[in-house]
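Chemist: My structure is stored as start_6.pdb, with PDB, C-alpha atoms.
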MODEL        1
ATOM      1  CA  MET A   1     -35.394 -42.933 -15.595
ATOM      2  CA  THR A   2     -36.435 -39.422 -16.447
ATOM      3  CA  GLY A   3     -33.548 -37.417 -14.972
ATOM      4  CA  TRP A   4     -33.377 -35.171 -12.017
ATOM      5  CA  ASN A   5     -36.124 -32.746 -11.255
ATOM      6  CA  VAL A   6     -34.427 -30.047  -9.185
ATOM      7  CA  GLN A   7     -36.740 -27.601  -7.539
ATOM      8  CA  GLN A   8     -35.803 -24.727  -5.299
ATOM      9  CA  HIS A   9     -36.660 -25.587  -1.736
ATOM     10  CA  ASP A  10     -37.039 -23.173   1.120
ATOM     11  CA  SER A  11     -34.069 -24.795   2.855
ATOM     12  CA  PHE A  12     -31.651 -23.686   0.124
ATOM     13  CA  PRO A  13     -30.327 -20.106   0.411
ATOM     14  CA  SER A  14     -31.129 -17.815  -2.469
ATOM     15  CA  ARG A  15     -28.508 -16.783  -4.969
ATOM     16  CA  SER A  16     -28.418 -13.220  -3.585
ATOM     17  CA  ALA A  17     -27.944 -14.550  -0.038
ATOM     18  CA  LEU A  18     -25.004 -16.655  -1.216
ATOM     19  CA  HIS A  19     -23.580 -13.631  -2.998
ATOM     20  CA  ARG A  20     -23.889 -11.494   0.150
ATOM     21  CA  ALA A  21     -22.297 -14.231   2.262
ATOM     22  CA  THR A  22     -19.421 -14.535  -0.216
ATOM     23  CA  LEU A  23     -18.848 -10.779  -0.180
ATOM     24  CA  PHE A  24     -18.973 -10.747   3.616
ATOM     25  CA  GLY A  25     -16.446 -13.600   3.775
ATOM     26  CA  ALA A  26     -14.164 -11.827   1.308
ATOM     27  CA  ALA A  27     -14.380  -8.616   3.357
ATOM     28  CA  LEU A  28     -13.488 -10.522   6.534
ATOM     29  CA  LEU A  29     -10.557 -12.182   4.765
ATOM     30  CA  ALA A  30      -9.342  -8.818   3.439
ATOM     31  CA  ALA A  31      -9.634  -7.236   6.896
ATOM     32  CA  TRP A  32      -7.664 -10.093   8.434
ATOM     33  CA  LEU A  33      -4.965 -10.011   5.759
ATOM     34  CA  LEU A  34      -4.595  -6.209   5.962
ATOM     35  CA  ALA A  35      -4.884  -5.866   9.757
ATOM     36  CA  PRO A  36      -1.098  -5.464  10.224
ATOM     37  CA  LEU A  37      -1.324  -2.174   8.284
ATOM     38  CA  ALA A  38      -2.755  -0.636  11.453
ATOM     39  CA  GLY A  39       0.463  -1.299  13.367
ATOM     40  CA  MET A  40       3.361  -0.470  11.084
ATOM     41  CA  VAL A  41       6.738  -0.374  12.821
ATOM     42  CA  HIS A  42      10.376   0.374  12.104
ATOM     43  CA  VAL A  43      12.026  -3.044  11.807
ATOM     44  CA  GLU A  44      15.474  -1.679  11.138
ATOM     45  CA  GLY A  45      17.533   1.404  11.840
ATOM     46  CA  PHE A  46      17.458   2.406   8.196
ATOM     47  CA  SER A  47      13.857   3.590   8.130
ATOM     48  CA  ALA A  48      14.153   5.102  11.604
ATOM     49  CA  SER A  49      17.202   7.036  10.416
ATOM     50  CA  ILE A  50      15.272   8.362   7.427
ATOM     51  CA  ASP A  51      12.493   9.575   9.726
ATOM     52  CA  SER A  52      15.007  11.060  12.163
ATOM     53  CA  LEU A  53      16.762  12.881   9.334
ATOM     54  CA  ALA A  54      13.407  14.242   8.156
ATOM     55  CA  LEU A  55      12.704  15.527  11.667
ATOM     56  CA  HIS A  56      16.094  17.264  11.714
ATOM     57  CA  LEU A  57      15.444  18.773   8.288
ATOM     58  CA  ALA A  58      11.997  19.964   9.372
ATOM     59  CA  SER A  59      13.397  21.629  12.496
ATOM     60  CA  GLY A  60      16.296  23.278  10.647
ATOM     61  CA  SER A  61      18.992  21.366  12.506
ATOM     62  CA  LEU A  62      20.152  19.128   9.674
ATOM     63  CA  LEU A  63      23.841  19.245  10.624
ATOM     64  CA  ASP A  64      23.002  17.962  14.110
ATOM     65  CA  TYR A  65      21.687  14.701  12.666
ATOM     66  CA  ASP A  66      24.736  12.521  13.385
ATOM     67  CA  ARG A  67      27.838  14.454  14.373
ATOM     68  CA  GLN A  68      29.836  11.358  15.242
ATOM     69  CA  PHE A  69      29.321   9.729  11.849
ATOM     70  CA  PRO A  70      28.714  12.475   9.273
ATOM     71  CA  PHE A  71      28.865   9.915   6.485
ATOM     72  CA  ASN A  72      25.350   8.797   7.543
ATOM     73  CA  LEU A  73      24.011  12.262   6.758
ATOM     74  CA  ASP A  74      25.688  12.265   3.355
ATOM     75  CA  TYR A  75      24.525   8.733   2.581
ATOM     76  CA  PHE A  76      20.865   9.225   3.512
ATOM     77  CA  LEU A  77      20.625  12.578   1.779
ATOM     78  CA  ALA A  78      22.270  11.199  -1.362
ATOM     79  CA  THR A  79      20.221   8.008  -1.555
ATOM     80  CA  ARG A  80      16.905   8.853   0.116
ATOM     81  CA  SER A  81      16.524  12.572  -0.407
ATOM     82  CA  GLY A  82      13.054  12.339  -1.987
ATOM     83  CA  VAL A  83      11.360  10.563   0.893
ATOM     84  CA  VAL A  84      13.316  12.649   3.435
ATOM     85  CA  VAL A  85      12.040  15.891   1.868
ATOM     86  CA  ILE A  86       8.457  14.555   1.704
ATOM     87  CA  LEU A  87       8.597  13.434   5.339
ATOM     88  CA  ALA A  88      10.139  16.750   6.427
ATOM     89  CA  ALA A  89       7.340  18.666   4.697
ATOM     90  CA  LEU A  90       4.734  16.519   6.436
ATOM     91  CA  HIS A  91       6.481  16.949   9.794
ATOM     92  CA  ARG A  92       6.453  20.733   9.265
ATOM     93  CA  CYS A  93       2.746  20.739   8.401
ATOM     94  CA  PHE A  94       1.747  18.453  11.257
ATOM     95  CA  ALA A  95       3.987  19.276  14.210
ATOM     96  CA  ASP A  96       4.125  16.619  16.908
ATOM     97  CA  ALA A  97       2.496  14.109  14.579
ATOM     98  CA  GLY A  98       4.833  11.321  15.684
ATOM     99  CA  GLU A  99       4.945   8.500  13.193
ATOM    100  CA  TRP A 100       1.917   9.626  11.170
ATOM    101  CA  PRO A 101       3.885  11.353   8.380
ATOM    102  CA  PHE A 102       5.744   8.103   7.655
ATOM    103  CA  ARG A 103       2.454   6.213   7.875
ATOM    104  CA  VAL A 104       0.876   8.617   5.337
ATOM    105  CA  VAL A 105       3.822   8.127   2.963
ATOM    106  CA  MET A 106       3.579   4.338   3.354
ATOM    107  CA  LEU A 107      -0.175   4.207   2.783
ATOM    108  CA  THR A 108       0.107   6.509  -0.233
ATOM    109  CA  GLY A 109       2.743   4.245  -1.738
ATOM    110  CA  PHE A 110       0.679   1.180  -0.872
ATOM    111  CA  ALA A 111      -2.360   2.713  -2.567
ATOM    112  CA  GLY A 112      -0.246   3.333  -5.676
ATOM    113  CA  VAL A 113       0.916  -0.288  -5.660
ATOM    114  CA  VAL A 114      -2.623  -1.659  -5.265
ATOM    115  CA  VAL A 115      -4.408   0.660  -7.700
ATOM    116  CA  GLY A 116      -1.659   0.368 -10.314
ATOM    117  CA  SER A 117      -1.599  -3.416  -9.940
ATOM    118  CA  VAL A 118      -5.390  -3.669 -10.295
ATOM    119  CA  VAL A 119      -5.264  -1.578 -13.469
ATOM    120  CA  LEU A 120      -2.440  -3.715 -14.885
ATOM    121  CA  VAL A 121      -4.081  -7.035 -13.974
ATOM    122  CA  ARG A 122      -7.363  -5.913 -15.509
ATOM    123  CA  ARG A 123      -5.597  -4.669 -18.631
ATOM    124  CA  TRP A 124      -3.330  -7.661 -19.195
ATOM    125  CA  ALA A 125      -5.527 -10.514 -17.929
ATOM    126  CA  GLY A 126      -8.912  -9.108 -18.944
ATOM    127  CA  VAL A 127     -10.545  -9.910 -15.598
ATOM    128  CA  GLY A 128     -12.978  -7.929 -13.475
ATOM    129  CA  ALA A 129     -11.963  -5.646 -10.636
ATOM    130  CA  GLY A 130     -13.210  -8.057  -7.956
ATOM    131  CA  LEU A 131     -11.102 -10.925  -9.246
ATOM    132  CA  ALA A 132      -8.060  -8.644  -9.641
ATOM    133  CA  VAL A 133      -8.370  -7.330  -6.080
ATOM    134  CA  GLY A 134      -8.930 -10.842  -4.735
ATOM    135  CA  ALA A 135      -5.865 -12.186  -6.485
ATOM    136  CA  LEU A 136      -3.743  -9.291  -5.244
ATOM    137  CA  LEU A 137      -4.943  -9.818  -1.668
ATOM    138  CA  LEU A 138      -3.730 -13.398  -1.795
ATOM    139  CA  MET A 139      -0.284 -12.468  -3.140
ATOM    140  CA  PRO A 140       1.976 -12.080  -0.114
ATOM    141  CA  GLY A 141       4.183  -9.367  -1.568
ATOM    142  CA  VAL A 142       1.390  -6.888  -2.174
ATOM    143  CA  SER A 143      -0.208  -6.571   1.242
ATOM    144  CA  GLU A 144       2.915  -7.406   3.246
ATOM    145  CA  SER A 145       4.920  -4.654   1.580
ATOM    146  CA  ALA A 146       3.283  -2.056   3.821
ATOM    147  CA  PHE A 147       3.403  -3.923   7.140
ATOM    148  CA  PHE A 148       6.552  -2.081   8.221
ATOM    149  CA  TYR A 149       8.081   1.286   7.426
ATOM    150  CA  ASN A 150      10.068   1.154   4.227
ATOM    151  CA  ASP A 151      10.819   3.992   1.844
ATOM    152  CA  ASN A 152      10.759   1.630  -1.137
ATOM    153  CA  VAL A 153       6.966   1.268  -0.966
ATOM    154  CA  LEU A 154       6.514   4.872  -2.116
ATOM    155  CA  SER A 155       8.904   4.434  -5.041
ATOM    156  CA  SER A 156       7.249   1.116  -5.961
ATOM    157  CA  GLY A 157       3.812   2.720  -5.831
ATOM    158  CA  LEU A 158       4.904   5.563  -8.072
ATOM    159  CA  ALA A 159       6.587   3.164 -10.518
ATOM    160  CA  ILE A 160       3.597   0.821 -10.766
ATOM    161  CA  ALA A 161       1.174   3.737 -11.104
ATOM    162  CA  ALA A 162       3.316   5.153 -13.933
ATOM    163  CA  LEU A 163       3.387   1.744 -15.648
ATOM    164  CA  ALA A 164      -0.392   1.511 -15.299
ATOM    165  CA  LEU A 165      -0.766   4.936 -16.915
ATOM    166  CA  LEU A 166       1.440   3.850 -19.815
ATOM    167  CA  ALA A 167      -0.471   0.586 -20.215
ATOM    168  CA  THR A 168      -3.806   2.383 -20.373
ATOM    169  CA  GLY A 169      -2.760   5.116 -22.774
ATOM    170  CA  ALA A 170      -0.774   7.474 -20.498
ATOM    171  CA  SER A 171      -3.809   9.488 -19.479
ATOM    172  CA  PRO A 172      -4.947   9.674 -15.845
ATOM    173  CA  ARG A 173      -8.559   9.930 -17.011
ATOM    174  CA  VAL A 174      -8.231   6.699 -19.014
ATOM    175  CA  ALA A 175      -6.582   4.961 -16.048
ATOM    176  CA  ALA A 176      -9.399   6.038 -13.725
ATOM    177  CA  ARG A 177     -11.996   4.735 -16.181
ATOM    178  CA  ALA A 178     -10.093   1.450 -16.523
ATOM    179  CA  LEU A 179     -10.160   1.010 -12.767
ATOM    180  CA  VAL A 180     -13.896   1.460 -12.350
ATOM    181  CA  ALA A 181     -15.070  -0.026 -15.660
TER     182      ALA A 181
ENDMDL
END
Take the structure from the file and write it as structure tokens.
Modeler:
Amino acid sequence: MTGWNVQQHDSFPSRSALHRATLFGAALLAAWLLAPLAGMVHVEGFSASIDSLALHLASGSLLDYDRQFPFNLDYFLATRSGVVVILAALHRCFADAGEWPFRVVMLTGFAGVVVGSVVLVRRWAGVGAGLAVGALLLMPGVSESAFFYNDNVLSSGLAIAALALLATGASPRVAARALVA
């Protein structure tokens, strides 16, 4: 027996067609996995209180936040002052924006988590950007972290982005090159 003689037949899809189909399937999977990002909600009073406090700060009526329980004002300002100030600034810039300032903060933090994680995975595992993004899409904690309003996503994004800068040589230019290389 002389072995198999494999020839390319017209019925087999070409390599580029398979590649395009794989990319299309991956894009559909990513869209399905990230679809809940379009409908973020407050799942607890904590994040709603942060947004409410930011609205009060933006309007100049901070002391009217919670007159019955003033400890809430002290607690949220002491523990969440950074995100409250950022949200208040966004509410001032975009009056009547509704939930969009919180959505912008969440998506910015989410972008920091994803970009920083891709840089770290590429640096530590030595894999390509496509494989790093694919692996991160399949990890529940990454995409699900931004499905609901949570001030911790911004701090996580900033922390991971800072770690990625340190891992790549602490230069934003080096980190940007590492992401697209």
Chemist: CA of Pro101 in chain A to CA of Asn72 in chain A: how many Å, to one decimal?
Modeler: 21.6 Å
Chemist: Name every residue that the PyMOL selection byres ((chain A and resi 98) around 12) selects in this structure, writing the answer as a ChimeraX atom specification with chains first and numbers rising.
Modeler: /A:48,51-52,54-55,87-88,90-92,94-97,99-104
Chemist: CA of Ala132 in chain A and CA of Phe24 in chain A are how many Å apart?
Modeler: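 One can read the CA of Ala132 in chain A to CA of Phe24 in chain A distance as 17.3 Å.
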Chemist: Listed atoms of range 90-104 of chain A, axis-aligned box, 5 Å per side: centre and edge lengths to one decimal in Å, as JSON?
Modeler:
{"center_x": 3.7, "center_y": 13.5, "center_z": 11.1, "size_x": 15.6, "size_y": 24.5, "size_z": 21.6}
Chemist: Would you mind listing what lies within 12 Å of Leu77 in chain A as a PyMOL selection string, with all atoms listed in the file counted and same-chain residues fewer than 4 positions away left out?
Modeler: chain A and resi 49-54+56-57+62-63+65+70-73+81-85
Chemist: My list of candidates is A:Gly112, A:Gly60, A:Gly39, A:Gly45. Which is closest to Ser155 in chain A when distances are computed with all atoms listed in the file?
Modeler: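 For Ser155 in chain A, the nearest of the given residues is A:Gly112.
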Chemist: Let me know the residues the PyMOL selection byres ((chain A and resi 107) around 10) catches in the file above, as a list of chain:residue names.
Modeler: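 Selection result, ordered by chain and number: A:Leu37, A:Pro101, A:Phe102, A:Arg103, A:Val104, A:Val105, A:Met106, A:Thr108, A:Gly109, A:Phe110, A:Ala111, A:Gly112, A:Val113, A:Ala146, A:Phe147, A:Tyr149, A:Val153, A:Leu154, A:Gly157.
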Chemist: Would you write out those residues with C-alpha atoms, as an mmCIF file, keeping the file's coordinate frame?
Modeler:
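Output below, filename part_37.cif:
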data_model
loop_
_atom_site.group_PDB
_atom_site.id
_atom_site.type_symbol
_atom_site.label_atom_id
_atom_site.label_comp_id
_atom_site.auth_asym_id
_atom_site.auth_seq_id
_atom_site.Cartn_x
_atom_site.Cartn_y
_atom_site.Cartn_z
ATOM 1 C CA LEU A 37 -1.324 -2.174 8.284
ATOM 2 C CA PRO A 101 3.885 11.353 8.380
ATOM 3 C CA PHE A 102 5.744 8.103 7.655
ATOM 4 C CA ARG A 103 2.454 6.213 7.875
ATOM 5 C CA VAL A 104 0.876 8.617 5.337
ATOM 6 C CA VAL A 105 3.822 8.127 2.963
ATOM 7 C CA MET A 106 3.579 4.338 3.354
ATOM 8 C CA THR A 108 0.107 6.509 -0.233
ATOM 9 C CA GLY A 109 2.743 4.245 -1.738
ATOM 10 C CA PHE A 110 0.679 1.180 -0.872
ATOM 11 C CA ALA A 111 -2.360 2.713 -2.567
ATOM 12 C CA GLY A 112 -0.246 3.333 -5.676
ATOM 13 C CA VAL A 113 0.916 -0.288 -5.660
ATOM 14 C CA ALA A 146 3.283 -2.056 3.821
ATOM 15 C CA PHE A 147 3.403 -3.923 7.140
ATOM 16 C CA TYR A 149 8.081 1.286 7.426
ATOM 17 C CA VAL A 153 6.966 1.268 -0.966
ATOM 18 C CA LEU A 154 6.514 4.872 -2.116
ATOM 19 C CA GLY A 157 3.812 2.720 -5.831
#
Chemist: Which is closest to Leu23 in chain A among A:Leu138, A:Val115, A:Ala125, A:Leu131, if we use only C-alpha atoms?
Modeler: A:Leu131
Chemist: Rank nothing, just name the residue among A:Leu18, A:Ala26, A:Met40, A:Leu33 nearest to Phe148 in chain A, using all atoms listed in the file.
Modeler: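 Of A:Leu18, A:Ala26, A:Met40, A:Leu33, the one nearest Phe148 in chain A, counting all atoms listed in the file, is A:Met40.
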Chemist: Between CA of Ser61 in chain A and CA of Cys93 in chain A, what is the distance in Å, rounded to a tenth?
Modeler: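 Distance between the two atoms: 16.8 Å.
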Chemist: Could you check the closest approach to Val121 in chain A for each of A:Ser143, A:Thr168, A:Ser16, A:Asn150 and tell me which residue wins, using all atoms listed in the file?
Modeler: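 Result for the nearest residue to Val121 in chain A: A:Thr168.
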Chemist: Taking the file as I've supplied it (selection: the PyMOL selection byres ((chain A and resi 122) around 12)), which residues are included? Please answer as a PyMOL selection string.
Modeler: chain A and resi 115-121+123-136+164+167-168+175+177-181
